[in-house]
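Colleague: Below is the structure I would like to discuss, written out as structure tokens.
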Amino acid sequence: MTTMTVGTPVDKKRLGQTPLERQEGRFRRSLKRHSTPYLLGLVGIVWLLLLFVIPLISGLAVSLMTGNPEQGYTLTWNWSVYYDVFFNSGVSYGLFLWRALWYAAAATLVTIIIGFPMAYFIAFRVSQRWKNALLLLVALSFFVSFVIRTDMWAFVLSDQGPVLTVLRDLHLAGKDFHILGTSAAVIGGMAYNDLAFMVLPLYVALERIDPRLIEASADLYGNKTRTFTRVVLPLTRSGLFAGILLVFIDSAGDPVNASLLGGTHTYVIGQAIQDAYLTNQQYNVAAALSTVLMIVLGIILFVYARIAGTDNIEDLV
Amino acid sequence: MSAALGTEPVTTAQLVSEPIGERRGRKRPLLPIIYWVVIAITMVPILVMIIYSFNNTPTNRITFQWHGFTTYWYENLTQVQGLGGSFLVSIEIAVLAAVISIAIGVPLAMSLERYRFALRGPLNAVVFANIAAPSIVVGAASLSFFLSSSVPLGYLTILLVHVTFCIAYVVVVVRARLSGMGTVLEQAAGDLGANPFTAFWKVTFPMLIPAMFAGAALALAMSIDDYVITSFVAGPTVTFPLFVYGAAKVGLPPQVLCFGTIVFVVALLIALLNGAVTRRGGAKS
């Protein structure tokens with residue numbers, strides 16, 4: 001698939017070369033060939049190393065520091081921070097982590113339930129010329145700033161907003177019925193914000209399915225349900241995995257939905273990390289929480305990938 | 001997806017005369033209903049934003065009470081302290097991040113797609129992790145790094161971090177294009193006497209331009225919209241999302257909705273234009 005030669009140009013100079021010169025040239029060319037990818041990628045490699053890989057490691061290092069905001073922090077290899085944060089800190093970080101994970105799982109489930117029919121509709125029911133337009137509609141929310149569109153929901157769903165006003169006027173909701181501040185609002189916000197992350201990879205996977213496979217299944221007396229569960233669903237595995245990856249990870253760490261749509265009972269790990277770092281300046285606590293979050297998400301996705309199986313992780317990138 | 005239609009016998013003749021899609025579409029409106037209802041719901045915040053950017057509120061906060069149509073807020077965009085400045089900062093950083101990440105990401109994508117080398121696997125993993133890692137972790141880690149290396153937080157750190165996450169998106173988009181177009185044309189250029197450098201500039205580079213625009217657009221969008229990572233490394237600098245987030249706690253000034261609407265319209269126009277251009281390009285090739 002990846003051919004690296006770009007043809008062998010006819011080199012007129014080479015015709016009059018001595019064998020030694022030719023050998024030297026070959027050596028230089030081979031050196032060039034081996035160093036080309038590094039030269040091409042040099043800036044990128046250094047950049048990603050310096051500003052992505054090393055920061056992730058330094059995040060771990062900061063978590064092992066002790067100190068306080070006034071006197072600064074020093075590295076003391078304080079591994080016990082990982083125990084203390086969850087069991088001796090007096091703050092229920094474990095609960096916040098658990099809450100973030102279940103919100104993210106619920107939001108992911110919602111995007112699958114809503115997103116699969118949408119992707120299926122675009123892939124199989126719409127003529128070629130309308131597909132791009134319908135996909136654009138799915139992604140249209142992304143054209144509005146994330147914080148604005150989330151806050152617009154807070155505006156619409158607020159106690160004085162139209163939704164609750166109408167519900168109250170119809171006596172469908174009592175005076176103390178709220179939408180904002182509930183887990184449902186936060187999960188809904190996450191699902192809304194990440195819906196396209198589910199629909200687009202699912203669409204790509206569905207679009208790749210050869211319609212003849214569905215016909216073949218029908219020919220082999222597979223009914224609609226069986227065709228769907230035995231043919232379509234397995235073929236969308238990679239798209240589903242990509243969607244779950246994007247939605248789940250994004251939602252699990254997100255502090256914005258919980259902050260704008262939630263309340264004190266929806267406080268999640270993302271907000272805890274932000275507050276520990278930016279408000280309380282407990283750098284080691286914040287770094288430890290973020291390391292734990294990353295490891296937990298890594299484990300969950302690894303286990304999921306092993307159970308559900310994905311063909312090739314590089315396909316997702 | 002319901003089993004209601006069950007096991008009606010399907011003959012080959014039917015399949016030939018009627019494409020599957022159409023046959024099902026007539027009988028079951030469930031999928032289009034789901035699609036359009038969900039789309040309608042996702043339009044709510046957009047419509048509310050656009051409509052209420054024209055609301056003539058007596059206060060400087062958005063309210064649900066409709067006070068009549070006005071373009072006052074559009075005429076006084078910069079009236080709110082700090083809003084216009086934060087918007088300019090966001091635009092600047094987004095453009096710079098897009099340009100720099102293209103300059104770095106395109107050669108990186110070339111090396112990852114066209115060569116096999118020892119660092120290829122680890123680099124792929126880093127690019128993947130860069131996209132997959134939760135923003136909050138990336139933000140916290142970047143802040144840890146800048147604090148421990150005593151880099152002062154501000155404009156520069158925001159730009160550095162934005163370029164970092166944009167590179168990954170550029171690499172993905174450009175690689176997809178590179179792997180799609182193969183090396184046949186480059187080989188042809190080589191056969192016609194072009195050296196690899198000429199082949200790149202005359203053949204590969206022009207073919208990559210659409211992907212570079214797509215990558216730049218994605219980088220621009222990601223940068224201008226980022227709140228979580230930026231909130232960690234911004235220091236005293238305020239970007240547009242940071243301003244909006246801060247203002248959201250006390251109620252947004254209507255001008256925020258104006259900026260949101262302007263960005264929305266511009267982005268939509270660019271997307272439509274891009275769609276038109278790609279369609280024409282597709283027809284040509």
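Ligands are numbered from 1 in the order shown, chains are lettered A, B, ... in the order of the structure tokens, and residues start at 1 in each chain.
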Enumerate as a ChimeraX atom specification the residues belonging to chain B that approach chain A to within 7 Å, with only C-alpha atoms taken into account.
Modeller: /B:1-3,6-7,10,21-22,25,31-32,34-35,39,42,45-46,48-49,64,104-105,107-108,111,113-115,128,132,134-137,140-142,144-145,164,172,183,186-187,190-191,193-196,225,241,244-245,248,260,264,267
Colleague: Hey, what's within 10 Å of Ile102 in chain B if we count only C-alpha atoms and toss same-chain stuff fewer than 2 positions away? As a PDB file with C-alpha atoms, in the first residue's frame, please?
Modeller:
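Saved the output as part14.pdb:
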ATOM      1  CA  LEU B  96      -1.830  31.025  13.255  1.00  0.00           C
ATOM      2  CA  ALA B  97      -2.518  27.545  14.630  1.00  0.00           C
ATOM      3  CA  ALA B  98      -4.024  26.453  11.306  1.00  0.00           C
ATOM      4  CA  VAL B  99      -1.099  27.780   9.259  1.00  0.00           C
ATOM      5  CA  ILE B 100       1.583  26.393  11.564  1.00  0.00           C
ATOM      6  CA  ILE B 104       4.224  20.919  10.311  1.00  0.00           C
ATOM      7  CA  GLY B 105       1.475  18.391   9.711  1.00  0.00           C
ATOM      8  CA  VAL B 106       1.709  17.967   5.932  1.00  0.00           C
ATOM      9  CA  PRO B 107       5.352  16.766   5.888  1.00  0.00           C
ATOM     10  CA  LEU B 108       4.626  14.632   8.936  1.00  0.00           C
ATOM     11  CA  ALA B 109       1.681  13.049   7.131  1.00  0.00           C
ATOM     12  CA  VAL B 163      -0.921  23.849  17.229  1.00  0.00           C
ATOM     13  CA  CYS B 166      -4.317  20.740  15.374  1.00  0.00           C
ATOM     14  CA  ILE B 167      -1.309  18.844  13.981  1.00  0.00           C
ATOM     15  CA  TYR B 169      -6.183  16.608  12.746  1.00  0.00           C
ATOM     16  CA  VAL B 170      -4.118  17.881   9.819  1.00  0.00           C
ATOM     17  CA  VAL B 171      -2.163  14.616   9.720  1.00  0.00           C
ATOM     18  CA  VAL B 174      -3.846  14.795   4.699  1.00  0.00           C
ATOM     19  CA  MET B 212      -4.620  21.040   3.090  1.00  0.00           C
ATOM     20  CA  PHE B 213      -7.593  23.393   2.989  1.00  0.00           C
ATOM     21  CA  GLY B 215      -7.129  20.222   7.336  1.00  0.00           C
ATOM     22  CA  ALA B 216      -6.692  23.950   7.860  1.00  0.00           C
ATOM     23  CA  ALA B 219      -7.750  23.075  12.647  1.00  0.00           C
TER      24      ALA B 219
END
